[in-house]
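Visitor: Mind having a look at this structure? Questions to follow.
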Amino acid sequence: MRLPPRLPDHGTIALIAPAGPIELDVEAACAWARARGYTLRIYPGVALVQGYLAGNDEARLQDLHDAFSDPEVDAIFCLRGGYGTPRLLDKIDFALLAQHPKPFVGYSDITALHLAIARHAGFVTFHGPLFKSDLLTQKQAPTESSLWQTLRGELEAGDVLR
C-alpha cells in the first residue's frame with residue numbers, strides 16, 4: 001500500500017459530494033480554504049440534489065473521476081456522508097485513481113470509497129473530517145490541526161499514538 005503525495009503549501013483542494021447533498025455557502029467555503037493557504041475547487045455535483053443524493057450516480061461518479069484526474073488538484077475532501085457511495089463502487093475506474101493518487105478525506109458513507117480505493121487502487125486514504133459538518137463549522141480545532149499535519153506529511157504514525 002502506498003501513500004499519496006503530500007499536500008503542498010498553497011495547493012488546490014477539490015470538494016466533491018459522492019454521497020448526500022447539503023446546502024453550502026460557497027463564499028464561506030472558499031474563504032475558509034484561502035484562510036488556510038489553499039484554493040478550493042468545488043465540483044458541480046456539490047450543488048446537485050436528487051432526493052437524498054447529491055445528484056445522480058453518473059454525476060457523482062464523474063466528479064470523483066474528474067477530481068482524481070485533474071493535475072491541478074492536490075487533495076480531495078468530501079462535502080458530507082449520508083448515503084450513496086456504495087452505488088458507485090462497481091463503476092469506479094480504479095486504474096484512473098491508481099494513476100493519480102491524492103489525499104482523499106471523509107467518513108461515514110465515504111468509508112465505502114476508502115475501502116475500495118485501498119483494495120483496488122492501492123493507496124492510502126484518510127478517514128477524516130467531512131468538509132461541511134466538521135471543517136467548515138470549525139467544530140473540532142484539534143481535528144483540523146491533525147488533519148493538516150497528516151496531509152502535509154508532518155506527523156508520523158507514532159506521533160498520533162502518543
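Going by the C-alpha cells order, chains are called A, B, ..., each with residues numbered from 1, while ligands are numbered from 1 in the order shown.
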Ala98 of chain A: which residues within 9 Å, counting only C-alpha atoms, same-chain residues fewer than 6 positions away excluded, as a VMD selection string?
Guide: chain A and resid 117 120 to 123
Visitor: Save out the residues we just selected, N, CA and C atoms, as a PDB file, in the first residue's frame.
Guide:
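Full text of selection-v8.pdb as output:
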```
ATOM      1  N   ILE A 117     -10.885   2.053  -2.630  1.00  0.00           N
ATOM      2  CA  ILE A 117      -9.655   2.664  -3.170  1.00  0.00           C
ATOM      3  C   ILE A 117      -8.435   1.913  -2.659  1.00  0.00           C
ATOM      4  N   HIS A 120      -8.500  -1.636  -4.512  1.00  0.00           N
ATOM      5  CA  HIS A 120      -8.421  -1.709  -5.972  1.00  0.00           C
ATOM      6  C   HIS A 120      -7.488  -0.685  -6.619  1.00  0.00           C
ATOM      7  N   ALA A 121      -7.168   0.417  -5.906  1.00  0.00           N
ATOM      8  CA  ALA A 121      -6.235   1.408  -6.474  1.00  0.00           C
ATOM      9  C   ALA A 121      -4.902   1.380  -5.739  1.00  0.00           C
ATOM     10  N   GLY A 122      -4.865   0.776  -4.554  1.00  0.00           N
ATOM     11  CA  GLY A 122      -3.611   0.511  -3.864  1.00  0.00           C
ATOM     12  C   GLY A 122      -2.948   1.680  -3.158  1.00  0.00           C
ATOM     13  N   PHE A 123      -3.715   2.681  -2.765  1.00  0.00           N
ATOM     14  CA  PHE A 123      -3.090   3.749  -1.989  1.00  0.00           C
ATOM     15  C   PHE A 123      -3.928   4.099  -0.765  1.00  0.00           C
TER      16      PHE A 123
END
```
Visitor: Please list as a count of residues only every residue within 10 Å of Ile76 of chain A, counting only C-alpha atoms and excluding residues in the same chain fewer than 5 positions away.
Guide: 16
Visitor: Run DSSP on the backbone and grab whatever in segment 54-149 of chain A lands in strand (DSSP E or B); send it over as a compact mmCIF listing (two decimals) with C-alpha atoms, in the first residue's frame.
Guide:
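Result file follows (part-v5.txt):
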```txt
# COMPACT_ATOMS: atom_id res chain seq x y z
CA ALA A 75 -6.26 16.65 -2.34
CA ILE A 76 -9.93 15.70 -2.35
CA PHE A 77 -12.33 16.43 0.51
CA CYS A 78 -15.87 15.09 0.71
CA PHE A 104 -8.81 11.67 -0.11
CA VAL A 105 -10.67 12.65 3.08
CA GLY A 106 -14.08 11.84 4.56
CA PHE A 123 -3.09 3.75 -1.99
CA PHE A 126 -7.75 9.33 5.14
CA HIS A 127 -10.76 8.60 7.32
```
Visitor: What are the DSSP alpha helix (DSSP H) residues of chain A, as a PDB file with C-alpha atoms, in the first residue's frame?
Guide:
```
ATOM      1  CA  VAL A  26     -19.686  28.783  -1.476  1.00  0.00           C
ATOM      2  CA  GLU A  27     -18.197  32.135  -0.462  1.00  0.00           C
ATOM      3  CA  ALA A  28     -17.663  30.956   3.115  1.00  0.00           C
ATOM      4  CA  ALA A  29     -16.164  27.677   1.892  1.00  0.00           C
ATOM      5  CA  CYS A  30     -13.697  29.430  -0.418  1.00  0.00           C
ATOM      6  CA  ALA A  31     -12.805  31.956   2.300  1.00  0.00           C
ATOM      7  CA  TRP A  32     -12.163  29.081   4.729  1.00  0.00           C
ATOM      8  CA  ALA A  33      -9.735  27.470   2.279  1.00  0.00           C
ATOM      9  CA  ARG A  34      -7.998  30.780   1.458  1.00  0.00           C
ATOM     10  CA  ALA A  35      -7.502  31.486   5.167  1.00  0.00           C
ATOM     11  CA  ASP A  57     -24.866   8.278  -9.741  1.00  0.00           C
ATOM     12  CA  GLU A  58     -23.284   9.358 -13.027  1.00  0.00           C
ATOM     13  CA  ALA A  59     -22.764  12.964 -11.877  1.00  0.00           C
ATOM     14  CA  ARG A  60     -21.268  11.909  -8.537  1.00  0.00           C
ATOM     15  CA  LEU A  61     -19.006   9.391 -10.268  1.00  0.00           C
ATOM     16  CA  GLN A  62     -17.907  11.978 -12.844  1.00  0.00           C
ATOM     17  CA  ASP A  63     -16.868  14.398 -10.089  1.00  0.00           C
ATOM     18  CA  LEU A  64     -14.870  11.655  -8.356  1.00  0.00           C
ATOM     19  CA  HIS A  65     -13.054  10.751 -11.582  1.00  0.00           C
ATOM     20  CA  ASP A  66     -12.545  14.390 -12.581  1.00  0.00           C
ATOM     21  CA  ALA A  67     -11.106  15.352  -9.192  1.00  0.00           C
ATOM     22  CA  PHE A  68      -8.611  12.483  -9.236  1.00  0.00           C
ATOM     23  CA  SER A  69      -7.548  13.071 -12.845  1.00  0.00           C
ATOM     24  CA  PHE A  94      -9.729   2.302 -10.185  1.00  0.00           C
ATOM     25  CA  ALA A  95      -6.932   2.282 -12.769  1.00  0.00           C
ATOM     26  CA  LEU A  96      -7.512   6.014 -13.240  1.00  0.00           C
ATOM     27  CA  LEU A  97      -7.383   6.589  -9.478  1.00  0.00           C
ATOM     28  CA  ALA A  98      -4.228   4.477  -9.175  1.00  0.00           C
ATOM     29  CA  GLN A  99      -2.531   6.652 -11.814  1.00  0.00           C
ATOM     30  CA  THR A 111     -15.873   4.674   4.182  1.00  0.00           C
ATOM     31  CA  ALA A 112     -17.020   2.506   1.277  1.00  0.00           C
ATOM     32  CA  LEU A 113     -14.786   4.565  -1.013  1.00  0.00           C
ATOM     33  CA  HIS A 114     -11.830   4.339   1.386  1.00  0.00           C
ATOM     34  CA  LEU A 115     -12.023   0.550   1.420  1.00  0.00           C
ATOM     35  CA  ALA A 116     -12.492   0.244  -2.342  1.00  0.00           C
ATOM     36  CA  ILE A 117      -9.655   2.664  -3.170  1.00  0.00           C
ATOM     37  CA  ALA A 118      -7.277   0.858  -0.833  1.00  0.00           C
ATOM     38  CA  ARG A 119      -8.141  -2.532  -2.283  1.00  0.00           C
ATOM     39  CA  HIS A 120      -8.421  -1.709  -5.972  1.00  0.00           C
ATOM     40  CA  ALA A 141      -9.919  22.651  16.035  1.00  0.00           C
ATOM     41  CA  PRO A 142      -7.531  19.833  17.136  1.00  0.00           C
ATOM     42  CA  THR A 143      -9.058  17.585  14.467  1.00  0.00           C
ATOM     43  CA  GLU A 144      -8.354  20.156  11.778  1.00  0.00           C
ATOM     44  CA  SER A 145      -4.820  20.741  13.021  1.00  0.00           C
ATOM     45  CA  SER A 146      -4.075  16.998  12.987  1.00  0.00           C
ATOM     46  CA  LEU A 147      -5.584  16.681   9.519  1.00  0.00           C
ATOM     47  CA  TRP A 148      -3.295  19.351   8.044  1.00  0.00           C
ATOM     48  CA  GLN A 149      -0.241  17.851   9.741  1.00  0.00           C
ATOM     49  CA  THR A 150      -1.109  14.395   8.424  1.00  0.00           C
ATOM     50  CA  LEU A 151      -1.825  15.502   4.842  1.00  0.00           C
ATOM     51  CA  ALA A 157       2.204   7.274  12.880  1.00  0.00           C
ATOM     52  CA  GLY A 158       3.880   7.166  16.299  1.00  0.00           C
ATOM     53  CA  ASP A 159       3.028  10.841  16.891  1.00  0.00           C
ATOM     54  CA  VAL A 160      -0.664  10.058  16.599  1.00  0.00           C
ATOM     55  CA  LEU A 161      -0.448   7.174  19.067  1.00  0.00           C
TER      56      LEU A 161
END
```
Visitor: List the spatial neighbours of Gly84 of chain A as a list of chain:residue names - criterion: any atom at most 7 Å away, only C-alpha atoms, same-chain residues fewer than 6 positions off excluded.
Guide: A:Pro18, A:Ala19, A:Gly20, A:Leu53
Visitor: Those residues with all heavy atoms, as a PDB file, in the first residue's frame please?
Guide:
```
ATOM      1  N   PRO A  18     -19.834  12.763  -3.073  1.00  0.00           N
ATOM      2  CA  PRO A  18     -20.160  11.430  -3.583  1.00  0.00           C
ATOM      3  C   PRO A  18     -21.329  10.755  -2.873  1.00  0.00           C
ATOM      4  O   PRO A  18     -21.735   9.667  -3.265  1.00  0.00           O
ATOM      5  CB  PRO A  18     -18.863  10.652  -3.363  1.00  0.00           C
ATOM      6  CG  PRO A  18     -18.182  11.350  -2.249  1.00  0.00           C
ATOM      7  CD  PRO A  18     -18.589  12.785  -2.322  1.00  0.00           C
ATOM      8  N   ALA A  19     -21.859  11.391  -1.853  1.00  0.00           N
ATOM      9  CA  ALA A  19     -22.971  10.790  -1.096  1.00  0.00           C
ATOM     10  C   ALA A  19     -24.166  11.743  -1.108  1.00  0.00           C
ATOM     11  O   ALA A  19     -24.708  12.036  -2.158  1.00  0.00           O
ATOM     12  CB  ALA A  19     -22.502  10.466   0.324  1.00  0.00           C
ATOM     13  N   GLY A  20     -24.539  12.231   0.067  1.00  0.00           N
ATOM     14  CA  GLY A  20     -25.726  13.055   0.192  1.00  0.00           C
ATOM     15  C   GLY A  20     -25.492  14.533  -0.031  1.00  0.00           C
ATOM     16  O   GLY A  20     -24.369  15.018   0.054  1.00  0.00           O
ATOM     17  N   LEU A  53     -29.691  12.135  -2.474  1.00  0.00           N
ATOM     18  CA  LEU A  53     -28.361  12.063  -3.058  1.00  0.00           C
ATOM     19  C   LEU A  53     -27.926  13.424  -3.610  1.00  0.00           C
ATOM     20  O   LEU A  53     -28.753  14.256  -3.966  1.00  0.00           O
ATOM     21  CB  LEU A  53     -28.336  11.042  -4.206  1.00  0.00           C
ATOM     22  CG  LEU A  53     -28.650   9.606  -3.831  1.00  0.00           C
ATOM     23  CD1 LEU A  53     -28.801   8.759  -5.079  1.00  0.00           C
ATOM     24  CD2 LEU A  53     -27.585   9.040  -2.916  1.00  0.00           C
TER      25      LEU A  53
END
```
Visitor: Any idea what's packed within 10 Å of Pro21 of chain A, counting only C-alpha atoms, ignoring anything in its chain fewer than 5 positions away? Could you give it as a list in words?
Guide: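 Counting only the stated atoms, we get Gly45, Val46, Ala47, Leu48, Val49, Gln50, Gly51, Tyr52, Leu53, Ala54, Gly55, Leu79, Arg80, Gly81, Gly82 and Tyr83 of chain A.
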Visitor: Give the answer as one residue: which of A:Gly37, A:Leu130, A:Ser108, A:Pro86 has the shortest atom-to-atom distance to Leu7 of chain A, using only C-alpha atoms?
Guide: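 Nearest to Leu7 of chain A: A:Gly37.
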Visitor: Excluding same-chain residues fewer than 3 positions from Asp9 of chain A, what lies within 10 Å of it counting only C-alpha atoms, as JSON, numbers by chain?
Guide: {"A": [6, 12, 36, 37, 38, 74, 152]}
Visitor: Take the residues just selected and output them with N, CA and C atoms as a PDB file, in the first residue's frame.
Guide:
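Result file follows (again-v9.pdb):
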```pdb
ATOM      1  N   ARG A   6       2.208  14.192  -0.636  1.00  0.00           N
ATOM      2  CA  ARG A   6       1.854  15.125   0.426  1.00  0.00           C
ATOM      3  C   ARG A   6       1.112  16.323  -0.148  1.00  0.00           C
ATOM      4  N   THR A  12      -4.282  23.037  -4.226  1.00  0.00           N
ATOM      5  CA  THR A  12      -5.699  23.099  -4.571  1.00  0.00           C
ATOM      6  C   THR A  12      -6.405  21.887  -3.995  1.00  0.00           C
ATOM      7  N   ARG A  36      -6.484  29.300   5.015  1.00  0.00           N
ATOM      8  CA  ARG A  36      -5.514  28.247   5.333  1.00  0.00           C
ATOM      9  C   ARG A  36      -4.452  28.105   4.248  1.00  0.00           C
ATOM     10  N   GLY A  37      -4.491  28.985   3.262  1.00  0.00           N
ATOM     11  CA  GLY A  37      -3.475  28.986   2.218  1.00  0.00           C
ATOM     12  C   GLY A  37      -3.776  28.105   1.027  1.00  0.00           C
ATOM     13  N   TYR A  38      -5.022  27.682   0.867  1.00  0.00           N
ATOM     14  CA  TYR A  38      -5.384  26.773  -0.215  1.00  0.00           C
ATOM     15  C   TYR A  38      -6.447  27.375  -1.121  1.00  0.00           C
ATOM     16  N   ASP A  74      -4.667  18.788  -5.609  1.00  0.00           N
ATOM     17  CA  ASP A  74      -3.676  18.147  -4.744  1.00  0.00           C
ATOM     18  C   ASP A  74      -4.286  17.252  -3.670  1.00  0.00           C
ATOM     19  N   ARG A 152       0.090  16.948   5.129  1.00  0.00           N
ATOM     20  CA  ARG A 152       1.362  17.574   4.729  1.00  0.00           C
ATOM     21  C   ARG A 152       2.554  16.673   5.030  1.00  0.00           C
TER      22      ARG A 152
END
```
